[in-house]
>>> print(open('entry_8.csv').read())   # CSV, C-alpha atoms
chain,number,residue,atom,x,y,z
H,1,MET,CA,-39.4,-3.1,4.4
H,2,ASN,CA,-38.3,-0.3,6.6
H,3,HIS,CA,-34.8,0.4,7.6
H,4,LEU,CA,-34.9,-1.5,10.9
H,5,ASP,CA,-36.6,-4.4,9.2
H,6,ALA,CA,-33.8,-4.5,6.7
H,7,LEU,CA,-31.2,-4.5,9.4
H,8,SER,CA,-32.9,-7.3,11.3
H,9,THR,CA,-32.4,-9.6,8.4
H,10,ASP,CA,-28.7,-9.6,9.6
H,11,ASP,CA,-27.2,-9.1,6.1
H,12,ARG,CA,-26.3,-5.4,6.5
H,13,VAL,CA,-22.6,-4.8,6.9
H,14,PRO,CA,-21.9,-1.5,8.7
H,15,ARG,CA,-18.7,0.3,8.2
H,16,ARG,CA,-17.2,3.2,10.1
H,17,ARG,CA,-16.7,6.2,8.1
H,18,LEU,CA,-13.1,7.0,7.6
H,19,ASN,CA,-13.5,10.5,8.9
H,20,ALA,CA,-15.5,9.5,11.9
H,21,ARG,CA,-14.0,11.0,15.1
H,22,VAL,CA,-13.6,9.1,18.3
H,23,ARG,CA,-12.5,10.1,21.8
H,24,ASN,CA,-12.1,7.9,24.9
H,25,PHE,CA,-12.0,10.3,27.8
H,26,ARG,CA,-11.9,8.5,31.2
H,27,ASP,CA,-14.8,6.1,31.0
H,28,ARG,CA,-16.7,7.9,28.3
H,29,THR,CA,-16.5,7.2,24.5
H,30,MET,CA,-17.7,9.9,22.1
H,31,VAL,CA,-18.0,9.6,18.4
H,32,ALA,CA,-18.7,12.3,15.9
H,33,GLY,CA,-19.2,12.8,12.2
H,34,SER,CA,-20.5,16.0,10.7
H,35,ASN,CA,-23.2,16.2,13.3
H,36,GLU,CA,-23.2,16.6,17.1
H,37,PRO,CA,-21.0,14.2,19.1
H,38,LEU,CA,-22.7,11.1,20.3
H,39,GLU,CA,-21.8,9.5,23.6
H,40,LEU,CA,-21.8,5.7,23.5
H,41,SER,CA,-22.9,3.4,26.2
H,42,GLU,CA,-20.6,0.6,27.3
H,43,SER,CA,-22.2,-1.9,25.1
H,44,ALA,CA,-22.4,0.5,22.2
H,45,THR,CA,-18.7,1.1,22.6
H,46,PHE,CA,-18.1,-2.6,22.5
H,47,LEU,CA,-20.0,-2.8,19.2
H,48,TRP,CA,-18.4,0.3,17.8
H,49,ARG,CA,-15.0,-1.3,18.1
H,50,LEU,CA,-16.2,-4.3,16.2
H,51,ILE,CA,-17.6,-2.5,13.3
H,52,ASP,CA,-15.1,-3.1,10.6
H,53,GLY,CA,-16.9,-3.3,7.2
H,54,ARG,CA,-16.8,-7.1,7.4
H,55,ARG,CA,-19.0,-8.1,10.3
H,56,SER,CA,-22.8,-8.1,9.6
H,57,VAL,CA,-25.5,-7.0,11.9
H,58,GLY,CA,-26.0,-10.6,12.7
H,59,ASP,CA,-22.3,-11.1,13.5
H,60,LEU,CA,-22.4,-8.1,15.8
H,61,ALA,CA,-25.5,-9.4,17.5
H,62,ASP,CA,-23.7,-12.7,18.1
H,63,ALA,CA,-20.8,-10.9,19.6
H,64,LEU,CA,-23.2,-8.9,21.8
H,65,CYS,CA,-24.8,-12.1,23.0
H,66,ALA,CA,-21.4,-13.6,23.8
H,67,GLU,CA,-20.3,-10.6,25.8
H,68,TYR,CA,-23.6,-9.6,27.6
H,69,ASP,CA,-26.5,-11.6,29.0
H,70,VAL,CA,-29.0,-10.8,26.3
H,71,ASP,CA,-31.1,-13.1,24.0
H,72,ARG,CA,-30.4,-13.0,20.3
H,73,ASP,CA,-33.6,-11.3,19.2
H,74,THR,CA,-33.0,-8.5,21.6
H,75,ALA,CA,-29.4,-8.3,20.5
H,76,VAL,CA,-30.4,-8.0,16.8
H,77,THR,CA,-32.8,-5.3,17.6
H,78,ASP,CA,-30.3,-3.4,19.8
H,79,VAL,CA,-27.6,-3.7,17.2
H,80,ALA,CA,-30.0,-2.5,14.4
H,81,GLU,CA,-31.0,0.5,16.5
H,82,LEU,CA,-27.4,1.3,17.3
H,83,ILE,CA,-26.4,1.1,13.6
H,84,ASP,CA,-29.4,3.3,12.7
H,85,THR,CA,-28.3,5.9,15.4
H,86,LEU,CA,-24.7,5.8,14.2
H,87,HIS,CA,-25.8,6.2,10.6
H,88,SER,CA,-27.8,9.2,11.6
H,89,ALA,CA,-24.9,10.6,13.4
H,90,GLY,CA,-22.8,10.4,10.3
H,91,VAL,CA,-20.2,8.0,11.6
H,92,VAL,CA,-21.3,4.7,10.0
H,93,ASP,CA,-22.3,3.7,6.5
H,94,CYS,CA,-24.4,0.7,5.9
E,1,MET,CA,25.1,8.0,36.0
E,2,THR,CA,26.0,6.6,32.6
E,3,VAL,CA,26.9,9.3,30.1
E,4,LEU,CA,29.4,11.3,32.2
E,5,PRO,CA,30.5,11.0,35.8
E,6,PRO,CA,28.7,13.7,37.9
E,7,ASP,CA,31.9,15.3,39.2
E,8,ARG,CA,33.2,15.6,35.6
E,9,CYS,CA,30.0,17.1,34.4
E,10,LEU,CA,30.1,19.8,37.2
E,11,ASP,CA,33.8,20.4,36.5
E,12,VAL,CA,33.1,21.0,32.8
E,13,LEU,CA,30.3,23.4,33.5
E,14,ALA,CA,32.5,25.2,36.1
E,15,GLU,CA,35.4,25.4,33.6
E,16,GLN,CA,33.0,27.1,31.1
E,17,THR,CA,31.7,29.4,33.9
E,18,LEU,CA,28.3,27.9,33.3
E,19,LEU,CA,27.6,26.5,36.8
E,20,PRO,CA,25.7,29.0,39.0
E,21,ASP,CA,26.8,29.1,42.6
E,22,ARG,CA,23.3,28.2,43.7
E,23,HIS,CA,21.6,25.4,41.7
E,24,THR,CA,18.7,23.2,42.7
E,25,ALA,CA,19.4,20.4,40.3
E,26,VAL,CA,21.6,19.5,37.3
E,27,TYR,CA,20.7,16.6,35.1
E,28,LEU,CA,21.6,15.2,31.7
E,29,ALA,CA,18.9,14.3,29.2
E,30,GLY,CA,18.2,13.6,25.5
E,31,SER,CA,19.2,11.0,23.1
E,32,LEU,CA,22.5,10.1,24.7
E,33,VAL,CA,20.8,9.5,28.0
E,34,ARG,CA,18.2,7.3,26.4
E,35,GLY,CA,20.8,5.2,24.6
E,36,TRP,CA,19.7,6.6,21.3
E,37,GLY,CA,22.8,8.7,20.7
E,38,ASN,CA,25.4,8.6,18.0
E,39,PRO,CA,29.0,10.1,17.8
E,40,LEU,CA,27.6,13.4,16.6
E,41,SER,CA,24.8,13.7,19.2
E,42,ASP,CA,24.6,16.8,21.4
E,43,LEU,CA,24.6,16.4,25.2
E,44,ASP,CA,21.5,18.1,26.6
E,45,VAL,CA,22.0,19.5,30.1
E,46,TYR,CA,19.4,21.1,32.4
E,47,VAL,CA,20.3,23.3,35.3
E,48,VAL,CA,17.5,24.3,37.6
E,49,VAL,CA,18.2,27.4,39.6
E,50,PRO,CA,16.4,29.2,42.5
E,51,GLU,CA,16.6,32.5,40.7
E,52,PRO,CA,17.2,33.6,37.1
E,53,TRP,CA,20.7,33.0,35.9
E,54,THR,CA,22.3,33.8,32.6
E,55,ARG,CA,25.2,35.4,30.8
E,56,PRO,CA,25.1,38.1,28.1
E,57,ASP,CA,26.1,35.6,25.4
E,58,ALA,CA,23.1,33.3,26.0
E,59,GLU,CA,20.8,32.2,23.3
E,60,VAL,CA,17.2,32.0,24.3
E,61,GLY,CA,14.5,29.3,24.0
E,62,ALA,CA,10.9,30.4,23.9
E,63,VAL,CA,8.6,29.1,26.6
E,64,SER,CA,5.1,30.1,27.5
E,65,VAL,CA,5.7,30.5,31.2
E,66,PRO,CA,7.1,33.9,32.4
E,67,PRO,CA,9.3,35.6,31.5
E,68,GLY,CA,8.8,33.8,28.1
E,69,SER,CA,12.2,32.4,27.6
E,70,VAL,CA,15.0,30.2,29.1
E,71,PRO,CA,18.7,30.9,28.5
E,72,ILE,CA,20.6,28.3,26.6
E,73,HIS,CA,24.3,28.1,26.5
E,74,GLY,CA,26.2,25.9,23.9
E,75,PHE,CA,29.8,24.9,23.9
E,76,VAL,CA,32.0,22.0,22.9
E,77,GLY,CA,33.4,19.8,25.7
E,78,GLU,CA,34.4,16.2,26.2
E,79,GLY,CA,34.3,15.8,22.4
E,80,ARG,CA,30.8,16.8,21.7
E,81,ARG,CA,28.5,19.8,21.8
E,82,TRP,CA,26.7,20.6,25.0
E,83,ASP,CA,23.4,22.5,25.1
E,84,VAL,CA,22.7,23.8,28.6
E,85,GLU,CA,19.2,25.1,29.5
E,86,TYR,CA,18.6,27.1,32.7
E,87,TRP,CA,15.2,26.9,34.2
E,88,THR,CA,14.1,28.6,37.4
E,89,GLU,CA,12.2,26.7,40.0
E,90,GLN,CA,9.4,29.2,39.5
E,91,GLN,CA,9.2,28.4,35.8
E,92,VAL,CA,9.0,24.7,36.6
E,93,ASP,CA,6.2,25.4,39.1
E,94,ASP,CA,4.4,27.5,36.5
E,95,LEU,CA,4.7,24.8,33.8
E,96,LEU,CA,3.4,22.2,36.2
E,97,GLU,CA,0.4,24.4,37.0
E,98,LEU,CA,-0.1,24.9,33.2
E,99,VAL,CA,-0.4,21.2,32.6
E,100,SER,CA,-2.3,20.4,35.7
E,101,TRP,CA,-5.7,18.6,35.5
E,102,PRO,CA,-7.6,21.7,36.8
E,103,SER,CA,-5.9,23.8,34.1
E,104,PHE,CA,-6.8,21.2,31.4
E,105,GLU,CA,-10.4,20.7,32.6
E,106,ALA,CA,-10.9,24.5,32.8
E,107,ARG,CA,-9.4,24.8,29.3
E,108,ARG,CA,-6.9,27.3,30.6
E,109,ALA,CA,-4.2,25.6,28.6
E,110,ARG,CA,-3.9,23.4,25.5
E,111,ALA,CA,-1.0,21.6,24.0
E,112,GLU,CA,-0.8,24.2,21.3
E,113,SER,CA,0.3,26.8,23.8
E,114,LEU,CA,3.3,24.7,24.9
E,115,THR,CA,6.6,25.4,23.1
E,116,LYS,CA,9.0,22.7,22.0
E,117,HIS,CA,11.3,23.6,24.8
E,118,GLU,CA,8.6,23.0,27.4
E,119,ILE,CA,7.5,19.7,25.8
E,120,ALA,CA,11.1,18.6,25.6
E,121,PHE,CA,11.7,19.7,29.3
E,122,MET,CA,8.8,17.5,30.5
E,123,GLN,CA,9.7,14.5,28.3
E,124,ARG,CA,13.3,14.6,29.1
E,125,LEU,CA,12.7,14.9,32.9
E,126,ALA,CA,11.2,11.5,32.8
E,127,PHE,CA,14.5,10.0,31.7
E,128,ALA,CA,16.9,12.4,33.5
E,129,ASP,CA,20.4,11.3,34.3
E,130,VAL,CA,20.8,13.1,37.6
E,131,VAL,CA,24.0,14.9,38.4
E,132,THR,CA,22.8,16.8,41.5
E,133,GLY,CA,19.4,17.3,43.1
E,134,ALA,CA,18.1,13.8,42.9
E,135,ASP,CA,15.2,14.5,45.3
E,136,TRP,CA,14.0,17.5,43.4
E,137,VAL,CA,14.2,15.6,40.1
E,138,ALA,CA,12.3,12.6,41.5
E,139,ARG,CA,9.6,14.8,43.0
E,140,ARG,CA,9.1,16.8,39.8
E,141,LYS,CA,9.2,13.7,37.7
E,142,ASP,CA,6.3,12.2,39.7
E,143,GLN,CA,4.4,15.5,39.6
E,144,PHE,CA,4.6,15.7,35.8
E,145,GLU,CA,3.7,12.1,35.4
E,146,ALA,CA,0.6,12.7,37.4
E,147,SER,CA,-0.3,15.8,35.4
E,148,ALA,CA,-2.5,16.2,32.3
E,149,VAL,CA,0.4,16.6,29.9
E,150,ARG,CA,0.0,13.2,28.2
E,151,THR,CA,-3.7,13.8,27.7
E,152,MET,CA,-3.1,17.3,26.4
E,153,ILE,CA,-0.6,16.2,23.8
E,154,ALA,CA,-2.5,13.1,22.8
E,155,SER,CA,-5.7,15.2,22.4
E,156,ARG,CA,-3.9,17.6,20.1
E,157,ALA,CA,-2.5,14.8,18.1
E,158,LEU,CA,-6.0,13.3,17.7
E,159,TYR,CA,-7.4,16.6,16.7
E,160,GLU,CA,-4.7,17.0,14.0
E,161,PHE,CA,-5.4,13.4,12.8
E,162,ASP,CA,-9.1,14.3,12.5
E,163,LEU,CA,-8.2,17.2,10.3
E,164,PHE,CA,-6.0,15.1,8.0
E,165,ALA,CA,-8.5,12.3,7.8
E,166,GLU,CA,-11.2,14.8,6.8
E,167,ASP,CA,-8.9,16.2,4.2
E,168,ALA,CA,-7.9,12.8,2.9
E,169,VAL,CA,-11.5,11.6,2.5
E,170,GLY,CA,-12.5,14.8,0.7
E,171,MET,CA,-9.5,14.6,-1.5
E,172,LEU,CA,-10.3,11.1,-2.5
E,173,GLN,CA,-13.8,12.1,-3.3
E,174,ALA,CA,-12.5,14.9,-5.5
E,175,GLY,CA,-10.0,12.6,-7.2
E,176,ASP,CA,-7.0,14.4,-5.8
E,177,VAL,CA,-5.3,11.1,-4.9
E,178,GLU,CA,-1.8,12.4,-4.5
E,179,SER,CA,-2.9,14.9,-1.9
E,180,ALA,CA,-4.9,12.2,-0.2
E,181,VAL,CA,-1.8,10.1,0.1
E,182,LEU,CA,0.1,12.8,1.8
E,183,ALA,CA,-2.8,13.7,4.1
E,184,ALA,CA,-3.2,10.1,5.1
E,185,ARG,CA,0.5,9.8,5.7
E,186,TYR,CA,0.6,12.9,7.9
E,187,GLY,CA,-2.6,11.8,9.6
E,188,PHE,CA,-1.0,8.4,10.4
E,189,GLY,CA,1.9,10.2,12.1
E,190,CYS,CA,-0.5,12.1,14.2
E,191,ALA,CA,-2.5,9.0,15.2
E,192,VAL,CA,0.8,7.3,16.2
E,193,GLU,CA,1.8,10.3,18.2
E,194,ALA,CA,-1.5,10.3,20.0
E,195,LEU,CA,-1.0,6.6,20.9
E,196,LEU,CA,2.5,7.2,22.1
E,197,ALA,CA,1.7,10.3,24.0
E,198,SER,CA,-1.1,8.5,25.8
E,199,ARG,CA,1.5,6.0,27.0
E,200,GLY,CA,3.9,8.8,28.1
E,201,GLU,CA,6.1,9.0,25.0
E,202,PHE,CA,5.7,12.4,23.6
E,203,ASN,CA,8.4,14.2,21.6
E,204,GLU,CA,8.3,17.0,19.2
E,205,GLN,CA,10.9,15.4,17.0
E,206,GLU,CA,9.5,13.0,14.4
E,207,LYS,CA,12.9,11.5,13.8
E,208,TRP,CA,12.6,9.6,17.1
E,209,ARG,CA,9.2,8.1,16.3
E,210,ALA,CA,10.5,4.7,15.4
E,211,ARG,CA,12.6,4.6,18.6
E,212,ARG,CA,9.6,5.6,20.6
E,213,MET,CA,7.5,2.9,18.9
E,214,ARG,CA,10.0,0.3,19.9
E,215,ALA,CA,10.2,1.7,23.5
E,216,VAL,CA,6.4,1.6,24.0
E,217,SER,CA,5.7,-1.5,21.8
E,218,PRO,CA,2.0,-0.8,21.8
E,219,PRO,CA,-0.1,-4.0,21.4
E,220,GLU,CA,-2.5,-2.1,19.2
E,221,LEU,CA,0.1,-1.5,16.5
E,222,SER,CA,3.0,-3.7,15.8
E,223,PHE,CA,6.3,-2.2,14.8
E,224,GLU,CA,6.2,-4.0,11.5
E,225,ASP,CA,2.8,-2.6,10.7
E,226,TYR,CA,3.9,0.8,11.8
E,227,TRP,CA,7.1,0.8,9.8
E,228,ALA,CA,5.3,-0.5,6.7
E,229,ILE,CA,3.0,2.6,6.7
E,230,GLU,CA,5.7,5.0,7.8
E,231,THR,CA,7.9,4.0,4.9
E,232,LEU,CA,5.0,3.7,2.4
E,233,ARG,CA,6.1,0.1,1.8
E,234,ASP,CA,2.7,-1.0,0.5
E,235,LEU,CA,1.7,2.0,-1.4
E,236,ASP,CA,0.9,0.8,-4.9
E,237,PRO,CA,1.3,3.6,-7.5
E,238,GLU,CA,-1.5,2.0,-9.5
E,239,ALA,CA,-3.9,2.0,-6.6
E,240,PRO,CA,-3.0,4.8,-4.1
E,241,GLY,CA,-6.6,5.3,-3.1
E,242,THR,CA,-6.7,1.8,-1.6
E,243,TRP,CA,-3.6,2.6,0.5
E,244,VAL,CA,-5.2,5.8,1.7
E,245,GLU,CA,-8.3,3.9,2.9
E,246,THR,CA,-6.2,1.2,4.5
E,247,VAL,CA,-4.1,3.8,6.4
E,248,LEU,CA,-7.2,5.7,7.6
E,249,THR,CA,-8.7,2.5,8.8
E,250,VAL,CA,-5.6,1.7,10.7
E,251,CYS,CA,-5.5,5.2,12.1
E,252,GLN,CA,-9.1,5.0,13.2
E,253,GLY,CA,-8.4,1.7,15.0
E,254,ILE,CA,-5.5,3.5,16.8
E,255,ALA,CA,-7.8,6.4,17.8
E,256,ASN,CA,-10.2,3.9,19.2
E,257,GLU,CA,-7.5,2.7,21.6
E,258,VAL,CA,-6.2,6.0,22.8
E,259,LYS,CA,-7.3,6.6,26.4
E,260,LEU,CA,-7.4,10.2,27.5
E,261,GLY,CA,-7.7,11.3,31.1
>>> encode(input="entry_8.csv", output="structure tokens")
Amino acid sequence: MNHLDALSTDDRVPRRRLNARVRNFRDRTMVAGSNEPLELSESATFLWRLIDGRRSVGDLADALCAEYDVDRDTAVTDVAELIDTLHSAGVVDC
Amino acid sequence: MTVLPPDRCLDVLAEQTLLPDRHTAVYLAGSLVRGWGNPLSDLDVYVVVPEPWTRPDAEVGAVSVPPGSVPIHGFVGEGRRWDVEYWTEQQVDDLLELVSWPSFEARRARAESLTKHEIAFMQRLAFADVVTGADWVARRKDQFEASAVRTMIASRALYEFDLFAEDAVGMLQAGDVESAVLAARYGFGCAVEALLASRGEFNEQEKWRARRMRAVSPPELSFEDYWAIETLRDLDPEAPGTWVETVLTVCQGIANEVKLG
């Protein structure tokens, strides 16, 4: 099972790293760990704010479905990809 | 006018030979004006003048705008100490340019380059108790409110929080829990300052943080939660690491809510 497959099972619980940096400048949100800053899209910003070490990928996908017009399979995939990106950026553990 | 009648204020300054013949504005500021004063509080007075004015016995306050200082005269009158700062119109213009959006966006100025006298000047102008020059004060107040000063100061506070958070995490990893507690505590102060500054409440004096928290009452952080961390109420000596992680999580939640720009 690869990383994305593992995430799509909905049981991963991402947590923001305590030293992750965040800036909201005008309509842009940037996060940064030890790597280059990453600019988040509107939906990614929505999810970033929900990542709390308690919500699973499935929970986040449910929240994404409730907020945006997106089917659940797509939401799970999108959340999994985002978590993977945030993990690579060094701002999320999962 | 609530602290002192305008005429009485001008009379006292004149009696002390501290009222220039030409002055653009005179206003009272500080804790007394905000209703935060006590019987021992100083009365802070600002006199804006069209050209430099001072006396040989003046103290000086450092500023970044030319010529690098403002004269300050202190005396006791009306039962309390008065601190009177004299700013020229040009210095105010220069400070306004320094904290303008073009200046901020071009990185010509950062909050670090502002002195405590400049930050106090800008903060106190927002709550000025005008003696004379109401139009000038109102115009300048609007100009500073529209400037980048809030974002500049909030950005600096977030940067300082980032450093403390990085330290705290590293210290926990190294088992240096006591240092991590202090780093988290200082970092929390920075995060709160960033939140308050973004809402227009910036002040170099930490002693007013609780007052400013009550004034802003940010929905993102209740006063009770703020006060619990500020006073280390929930710090368990047997599990300080847990407290550090909790505080950093709260701080990160605050940072998520700080809007710059």
>>> closest_atom_pairs(input="entry_8.csv", of="chain H", to="chain E", cutoff="7 Å", atoms="only C-alpha atoms", output="CSV")
residue,atom,partner,partner_atom,distance
H:Leu18,CA,E:Leu248,CA,6.0
H:Asn19,CA,E:Glu166,CA,5.3
H:Arg21,CA,E:Asp162,CA,6.5
H:Val22,CA,E:Asn256,CA,6.3
H:Asn24,CA,E:Lys259,CA,5.2
H:Phe25,CA,E:Leu260,CA,4.6
H:Arg26,CA,E:Gly261,CA,5.0
>>> residues_near_point(input="entry_8.csv", point="(1.3, -0.9, 21.1)", cutoff="10 Å", atoms="only C-alpha atoms", output="list of chain:residue names")
E:Val192, E:Leu195, E:Leu196, E:Arg199, E:Met213, E:Arg214, E:Ala215, E:Val216, E:Ser217, E:Pro218, E:Pro219, E:Glu220, E:Leu221, E:Ser222, E:Phe223, E:Tyr226, E:Ile254, E:Glu257
>>> closest_atom_pairs(input="entry_8.csv", of="stretch 75-180 of chain E", to="stretch 16-36 of chain E", cutoff="8 Å", atoms="only C-alpha atoms", output="Markdown table")
| residue | atom | partner | partner_atom | distance |
| --- | --- | --- | --- | --- |
| E:Glu89 | CA | E:Thr24 | CA | 7.9 |
| E:Arg124 | CA | E:Ala29 | CA | 5.6 |
| E:Leu125 | CA | E:Ala29 | CA | 7.2 |
| E:Phe127 | CA | E:Ala29 | CA | 6.6 |
| E:Ala128 | CA | E:Ala29 | CA | 5.1 |
| E:Asp129 | CA | E:Leu28 | CA | 4.8 |
| E:Val130 | CA | E:Tyr27 | CA | 4.3 |
| E:Val131 | CA | E:Tyr27 | CA | 5.0 |
| E:Thr132 | CA | E:Ala25 | CA | 5.1 |
| E:Gly133 | CA | E:Ala25 | CA | 4.2 |
| E:Ala134 | CA | E:Ala25 | CA | 7.2 |
| E:Trp136 | CA | E:Ala25 | CA | 6.9 |
| E:Val137 | CA | E:Ala25 | CA | 7.1 |
>>> closest_residue(input="entry_8.csv", among="E:Gly61, E:Arg185, E:Trp227, E:Ala126", to="E:Ala138", atoms="all atoms listed in the file")
E:Ala126
>>> closest_residue(input="entry_8.csv", among="H:Ala32, H:Asp71, H:Val57, H:Ala63", to="H:Arg17", atoms="all atoms listed in the file")
H:Ala32
>>> residues_around(input="entry_8.csv", residues="H:Leu40", least_positions_apart="5", cutoff="12 Å", atoms="all atoms listed in the file", output="JSON list (two decimals) with C-alpha atoms, keeping the file's coordinate frame")
[["chain", "number", "residue", "atom", "x", "y", "z"],
["H", 22, "VAL", "CA", -13.60, 9.10, 18.30],
["H", 23, "ARG", "CA", -12.50, 10.10, 21.80],
["H", 24, "ASN", "CA", -12.10, 7.90, 24.90],
["H", 25, "PHE", "CA", -12.00, 10.30, 27.80],
["H", 27, "ASP", "CA", -14.80, 6.10, 31.00],
["H", 28, "ARG", "CA", -16.70, 7.90, 28.30],
["H", 29, "THR", "CA", -16.50, 7.20, 24.50],
["H", 30, "MET", "CA", -17.70, 9.90, 22.10],
["H", 31, "VAL", "CA", -18.00, 9.60, 18.40],
["H", 32, "ALA", "CA", -18.70, 12.30, 15.90],
["H", 45, "THR", "CA", -18.70, 1.10, 22.60],
["H", 46, "PHE", "CA", -18.10, -2.60, 22.50],
["H", 47, "LEU", "CA", -20.00, -2.80, 19.20],
["H", 48, "TRP", "CA", -18.40, 0.30, 17.80],
["H", 49, "ARG", "CA", -15.00, -1.30, 18.10],
["H", 82, "LEU", "CA", -27.40, 1.30, 17.30],
["H", 83, "ILE", "CA", -26.40, 1.10, 13.60],
["H", 85, "THR", "CA", -28.30, 5.90, 15.40],
["H", 86, "LEU", "CA", -24.70, 5.80, 14.20],
["H", 89, "ALA", "CA", -24.90, 10.60, 13.40]]
>>> residues_around(input="entry_8.csv", residues="H:Arg72", least_positions_apart="4", cutoff="9 Å", atoms="all atoms listed in the file", output="short mmCIF file (atom, residue, chain, number, x, y, z; two decimals) with C-alpha atoms, in the coordinates of the input")
data_model
loop_
_atom_site.label_atom_id
_atom_site.label_comp_id
_atom_site.auth_asym_id
_atom_site.auth_seq_id
_atom_site.Cartn_x
_atom_site.Cartn_y
_atom_site.Cartn_z
CA ALA H 61 -25.50 -9.40 17.50
CA ASP H 62 -23.70 -12.70 18.10
CA LEU H 64 -23.20 -8.90 21.80
CA CYS H 65 -24.80 -12.10 23.00
CA VAL H 76 -30.40 -8.00 16.80
CA THR H 77 -32.80 -5.30 17.60
#
>>> residues_around(input="entry_8.csv", residues="E:Pro52", least_positions_apart="2", cutoff="8 Å", atoms="all atoms listed in the file", output="PyMOL selection string")
chain E and resi 49-50+54+86-88
>>> atom_distance(input="entry_8.csv", atom1="atom CA of E:Ala191", atom2="atom CA of E:Ala157")
6.5 Å
>>> residues_near_point(input="entry_8.csv", point="(23.5, 27.1, 23.0)", cutoff="7 Å", atoms="all atoms listed in the file", output="JSON, numbers by chain")
{"E": [58, 59, 72, 73, 74, 75, 83, 84]}
>>> atom_distance(input="entry_8.csv", atom1="atom CA of H:Ser41", atom2="atom CA of E:Arg156")
24.5 Å
>>> atom_distance(input="entry_8.csv", atom1="atom CA of E:Thr231", atom2="atom CA of E:Gln205")
16.9 Å
>>> closest_residue(input="entry_8.csv", among="E:Ala111, E:Val181, E:Ala148, E:Leu43", to="E:Glu160", atoms="only C-alpha atoms")
E:Ala111
>>> residues_around(input="entry_8.csv", residues="E:Gly79", least_positions_apart="4", cutoff="12 Å", atoms="only C-alpha atoms", output="list in words")
Leu4, Val12, Pro39, Leu40, Ser41, Asp42, Leu43 and Phe75 of chain E
>>> closest_residue(input="entry_8.csv", among="E:Ala228, E:Ile153, E:Leu10, E:Ala146", to="E:Arg110", atoms="all atoms listed in the file")
E:Ile153
>>> residues_around(input="entry_8.csv", residues="E:Ala197", least_positions_apart="3", cutoff="8 Å", atoms="only C-alpha atoms", output="number ranges by chain")
E: 150-151, 153-154, 193-194, 200-202
>>> build_atoms(input="entry_8.csv", residues="stretch 64-75 of chain H", atoms="N, CA and C atoms", output="PDB file, in the coordinates of the input")
ATOM      1  N   LEU H  64     -22.505  -9.516  20.688  1.00  0.00           N
ATOM      2  CA  LEU H  64     -23.200  -8.900  21.800  1.00  0.00           C
ATOM      3  C   LEU H  64     -23.722  -9.973  22.784  1.00  0.00           C
ATOM      4  N   CYS H  65     -24.289 -11.032  22.201  1.00  0.00           N
ATOM      5  CA  CYS H  65     -24.800 -12.100  23.000  1.00  0.00           C
ATOM      6  C   CYS H  65     -23.679 -12.804  23.802  1.00  0.00           C
ATOM      7  N   ALA H  66     -22.534 -12.936  23.161  1.00  0.00           N
ATOM      8  CA  ALA H  66     -21.400 -13.600  23.800  1.00  0.00           C
ATOM      9  C   ALA H  66     -20.833 -12.769  24.949  1.00  0.00           C
ATOM     10  N   GLU H  67     -20.950 -11.454  24.815  1.00  0.00           N
ATOM     11  CA  GLU H  67     -20.300 -10.600  25.800  1.00  0.00           C
ATOM     12  C   GLU H  67     -21.303 -10.202  26.927  1.00  0.00           C
ATOM     13  N   TYR H  68     -22.586 -10.072  26.580  1.00  0.00           N
ATOM     14  CA  TYR H  68     -23.600  -9.600  27.600  1.00  0.00           C
ATOM     15  C   TYR H  68     -24.687 -10.687  27.684  1.00  0.00           C
ATOM     16  N   ASP H  69     -25.387 -10.631  28.793  1.00  0.00           N
ATOM     17  CA  ASP H  69     -26.500 -11.600  29.000  1.00  0.00           C
ATOM     18  C   ASP H  69     -27.728 -11.039  28.330  1.00  0.00           C
ATOM     19  N   VAL H  70     -27.849 -11.355  27.056  1.00  0.00           N
ATOM     20  CA  VAL H  70     -29.000 -10.800  26.300  1.00  0.00           C
ATOM     21  C   VAL H  70     -29.359 -11.902  25.233  1.00  0.00           C
ATOM     22  N   ASP H  71     -30.662 -12.059  25.000  1.00  0.00           N
ATOM     23  CA  ASP H  71     -31.100 -13.100  24.000  1.00  0.00           C
ATOM     24  C   ASP H  71     -30.848 -12.505  22.606  1.00  0.00           C
ATOM     25  N   ARG H  72     -30.822 -13.397  21.629  1.00  0.00           N
ATOM     26  CA  ARG H  72     -30.400 -13.000  20.300  1.00  0.00           C
ATOM     27  C   ARG H  72     -31.367 -12.017  19.639  1.00  0.00           C
ATOM     28  N   ASP H  73     -32.656 -12.240  19.792  1.00  0.00           N
ATOM     29  CA  ASP H  73     -33.600 -11.300  19.200  1.00  0.00           C
ATOM     30  C   ASP H  73     -33.438  -9.904  19.691  1.00  0.00           C
ATOM     31  N   THR H  74     -33.261  -9.819  20.994  1.00  0.00           N
ATOM     32  CA  THR H  74     -33.000  -8.500  21.600  1.00  0.00           C
ATOM     33  C   THR H  74     -31.728  -7.907  21.067  1.00  0.00           C
ATOM     34  N   ALA H  75     -30.718  -8.767  20.962  1.00  0.00           N
ATOM     35  CA  ALA H  75     -29.400  -8.300  20.500  1.00  0.00           C
ATOM     36  C   ALA H  75     -29.512  -7.756  19.062  1.00  0.00           C
TER      37      ALA H  75
END
